[in-house]
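Below: the structure, in structure tokens.
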There are 2 protein chains.
Amino acid sequence: MDVLARLREQQGGFVLFAITPPRLSTDPARVAEVAAATMDRLRPLDLDGLVLYDIDDESSRTEVDRPFPFSPTIDPADYLAAHLGDWPTPVVVYRAVGKYDAGSLGSWLSSQDPSRVATVLVGAASADAVAPLSLTQAHGLRRDLNPDLLLGGVTIPERHDRRGDEHLRLIAKQEAGCAFFVTQIVFDTNAAKNLVSDYAYECRARGGDPAPVVLTLSVCGSMRTLEFLRWLGVEVPRWIENDLRHSADTLATSMEQAYAAAVDLVAFCRGLGVPVGVNVESVSIRRVEIEASVELARRLVEHVRA
Amino acid sequence: MDVLARLREQQGGFVLFAITPPRLSTDPARVAEVAAATMDRLRPLDLDGLVLYDIDDESSRTEVDRPFPFSPTIDPADYLAAHLGDWPTPVVVYRAVGKYDAGSLGSWLSSQDPSRVATVLVGAASADAVAPLSLTQAHGLRRDLNPDLLLGGVTIPERHDRRGDEHLRLIAKQEAGCAFFVTQIVFDTNAAKNLVSDYAYECRARGGDPAPVVLTLSVCGSMRTLEFLRWLGVEVPRWIENDLRHSADTLATSMEQAYAAAVDLVAFCRGLGVPVGVNVESVSIRRVEIEASVELARRLVEHVRA
């Protein structure tokens with residue numbers, strides 16, 4: 001069974017790798033090279049699928065200056081169509097719905113092959129952001145135009161620690177058609193456990209089953225990457241920061257931390273009867289950090305399938 | 001080497017069991033029975049030592065009503081002298097300094113045998129509490145009257161999450177003579193890791209070594225015990241509460257959680273080069289919870305000495 005079939009059957013046990021398309025300003029020949037290099041790097045991993053992120057300028061979300069300048073990236077749907085046609089497994093394409101109008105999102109949704117593509121629709125980064133299309137409207141379009149297209153949602157464990165209602169948001173999204181949830185990058189395993197636990201018990205209390213949760217992991221190879229993770233809203237516990245800051249090999253330390261966190265969380269989800277998969281990304285574009293993320297994914301394929 | 005020698009050499013690898021003396025109102029014959037039963041229960045464990053708590057009325061610390069009524073307990077020094085004379089290993093006697101004046105605390109400190117007893121001096125529960133003797137004054141008495149008497153301090157990981165300076169308090173207490181630290185009961189391993197990590201790195205930055213940290217663990221056998229733990233200031237993560245609330249055997253679930261937390265934290269401390277020991281207590285006076293705490297201590301003796 002491929003990952004889309006697994007998700008439809010509410011099963012976990014898969015590993016995805018998430019890619020952010022190159023910047024829009026990248027020379028087209030270079031884009032093709034980057035795509036080919038990425039495929040070459042990922043093909044040996046026997047991944048269950050790819051995730052393609054759709055990056056929106058999130059500066060409205062926070063007052064803090066972005067540590068790296070925002071630069072628009074190639075539309076993930078265009079990137080998939082133009083450069084990833086050979087990729088052998090399914091692809092989960094993110095759509096930051098605030099960037100689109102009903103016409104453009106609707107035509108993209110209509111034209112997707114549900115046996116090959118799933119989508120994760122992401123709402124605007126802050127309540128203040130004025131978007132032409134709301135997440136609710138986008139969910140409606142998917143239901144009306146391509147109901148077989150597997151739909152996922154994002155979830156932010158840190159938000160649950162602050163507000164305590166993230167599990168209810170997941171249930172509302174499930175009712176709106178979401179069949180799986182992808183977390184923000186997790187460094188704070190306690191926050192992730194709190195969310196998954198409240199979600200699982202609330203589903204059971206309502207007589208339902210939790211949808212698969214896809215845990216996103218990443219490595220952090222420098223204090224600059226750590227700063228960016230925090231800007232993105234990722235809670236990085238002090239002890240993790242301390243170990244990274246004082247490590248002779250930050251990236252190797254981060255790899256061990258991320259692997260241990262994934263193993264802990266996968267066991268936790270399974271213990272609760274929550275179907276669980278893993279998604280690995282690199283938040284940094286430095287080659288060594290990308291390669292470490294690939295290595296993390298390779299180790300997690302071994303672990304999750306074992 | 002007994003635990004006092006280990007602590008003097010800044011070594012970990014020991015397991016203590018903490019006891020709260022019976023209520024002052026207990027019939028004297030019954031006190032002797034309780035003490036004998038406790039000794040019988042603990043002797044087979046091959047513990048490194050006992051801890052005797054000194055309970056103060058902490059209602060000034062919080063506005064929330066105490067879930068169990070406060071009832072004064074027998075002075076731990078009196079309990080030790082009258083009933084625990086046969087106990088074969090060292091005893092760590094707590095002194096809630098707010099309960100004593102300089103004369104009574106000083107005469108107790110003077111009369112202790114440093115080869116048999118250590119003391120943990122605990123400050124008043126809240127800054128508002130007016131105490132005849134401050135913690136600083138009590139530290140001074142120990143230094144002046146019985147400098148060989150091993151001195152410990154308490155530490156509250158949750159306070160570090162709120163204020164971020166608990167590691168500096170530990171270093172200040174070390175300078176005032178504390179040779180080891182005993183945590184409040186830990187359920188939130190992330191908070192404990194944050195504290196131990198900041199403490200270890202700060203010690204190294206100052207060219208010193210961290211003193212042994214004694215992690216206190218307990219089991220929780222009912223929602224009423226959980227409520228009391230929270231009243232005491234123990235942060236119990238949501239996921240732990242959920243698992244306990246929905247478990248068919250709350251006590252067994254809590255045992256596994258506490259054992260896993262201890263194993264995780266002992267490995268974490270050792271990885272940071274922080275000498276680590278374990279202290280087990282029962283916050284409940286229900287027999288099944290006490291017996292589960294004893295079983296937890298038995299498993300931790302095996303683990304910590306392995």
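Residue numbering restarts at 1 in every chain; chains get A, B, ... in the order shown in the structure tokens, and ligands count up from 1 in that same order.
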As number ranges by chain, list the residues of range 159-290 of chain A assigned to strand (DSSP E or B) by DSSP on the backbone atoms of this structure. A: 180-185, 213-218, 276-281
Return as a Markdown table the residues of range 189-298 of chain B lying at most 6 Å from range 179-183 of chain B, together with the closest atom-to-atom pair for each and the distance in Å to one decimal, counting only C-alpha atoms, with rows in chain order and ascending residue number.
```
| residue | atom | partner | partner_atom | distance |
| --- | --- | --- | --- | --- |
| B:Ala211 | CA | B:Phe180 | CA | 5.2 |
| B:Pro212 | CA | B:Phe180 | CA | 4.9 |
| B:Val213 | CA | B:Phe181 | CA | 5.0 |
| B:Val214 | CA | B:Val182 | CA | 4.6 |
| B:Leu215 | CA | B:Thr183 | CA | 5.4 |
| B:Thr216 | CA | B:Thr183 | CA | 5.6 |
```
Residues near Thr62 in chain A, cut-off 10 Å, only C-alpha atoms, skip fewer than 4 positions along chain, as a PyMOL selection string: chain A and resi 58+66+125-126+231-233
Requested write-out: N, CA and C atoms of the selected residues, as a PDB file, in the first residue's frame:
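Final output, selection-v7.pdb:
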```
ATOM      1  N   GLU A  58       5.515  35.160   6.282  1.00  0.00           N
ATOM      2  CA  GLU A  58       4.805  35.100   7.568  1.00  0.00           C
ATOM      3  C   GLU A  58       5.129  36.271   8.476  1.00  0.00           C
ATOM      4  N   ARG A  66      12.589  38.817  10.794  1.00  0.00           N
ATOM      5  CA  ARG A  66      12.903  37.519  10.228  1.00  0.00           C
ATOM      6  C   ARG A  66      14.431  37.371  10.144  1.00  0.00           C
ATOM      7  N   ALA A 125      -1.158  33.103   7.994  1.00  0.00           N
ATOM      8  CA  ALA A 125      -0.259  32.970   9.134  1.00  0.00           C
ATOM      9  C   ALA A 125      -0.765  33.681  10.382  1.00  0.00           C
ATOM     10  N   SER A 126      -1.539  34.728  10.245  1.00  0.00           N
ATOM     11  CA  SER A 126      -2.069  35.391  11.439  1.00  0.00           C
ATOM     12  C   SER A 126      -3.492  35.831  11.164  1.00  0.00           C
ATOM     13  N   TRP A 231      12.001  31.757  15.290  1.00  0.00           N
ATOM     14  CA  TRP A 231      11.208  32.760  14.566  1.00  0.00           C
ATOM     15  C   TRP A 231       9.981  32.088  13.935  1.00  0.00           C
ATOM     16  N   LEU A 232      10.179  30.864  13.473  1.00  0.00           N
ATOM     17  CA  LEU A 232       9.066  30.119  12.859  1.00  0.00           C
ATOM     18  C   LEU A 232       8.020  29.700  13.892  1.00  0.00           C
ATOM     19  N   GLY A 233       8.351  29.855  15.160  1.00  0.00           N
ATOM     20  CA  GLY A 233       7.386  29.490  16.204  1.00  0.00           C
ATOM     21  C   GLY A 233       7.673  28.146  16.845  1.00  0.00           C
TER      22      GLY A 233
END
```
Define the interface residues of chain B facing chain A as those within 7 Å, counting only C-alpha atoms, and report them as a PyMOL selection string. chain B and resi 193-194+197+237-239+242
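Picture a line from CA of Ser284 in chain A to CA of Tyr53 in chain A; it runs 13.8 Å.
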Per-residue DSSP, range 38-196 of chain A, filtered to alpha helix (DSSP H), as a VMD selection string: chain A and resid 38 to 42 76 to 83 102 to 110 135 to 145 157 to 163 166 to 175 189 to 196
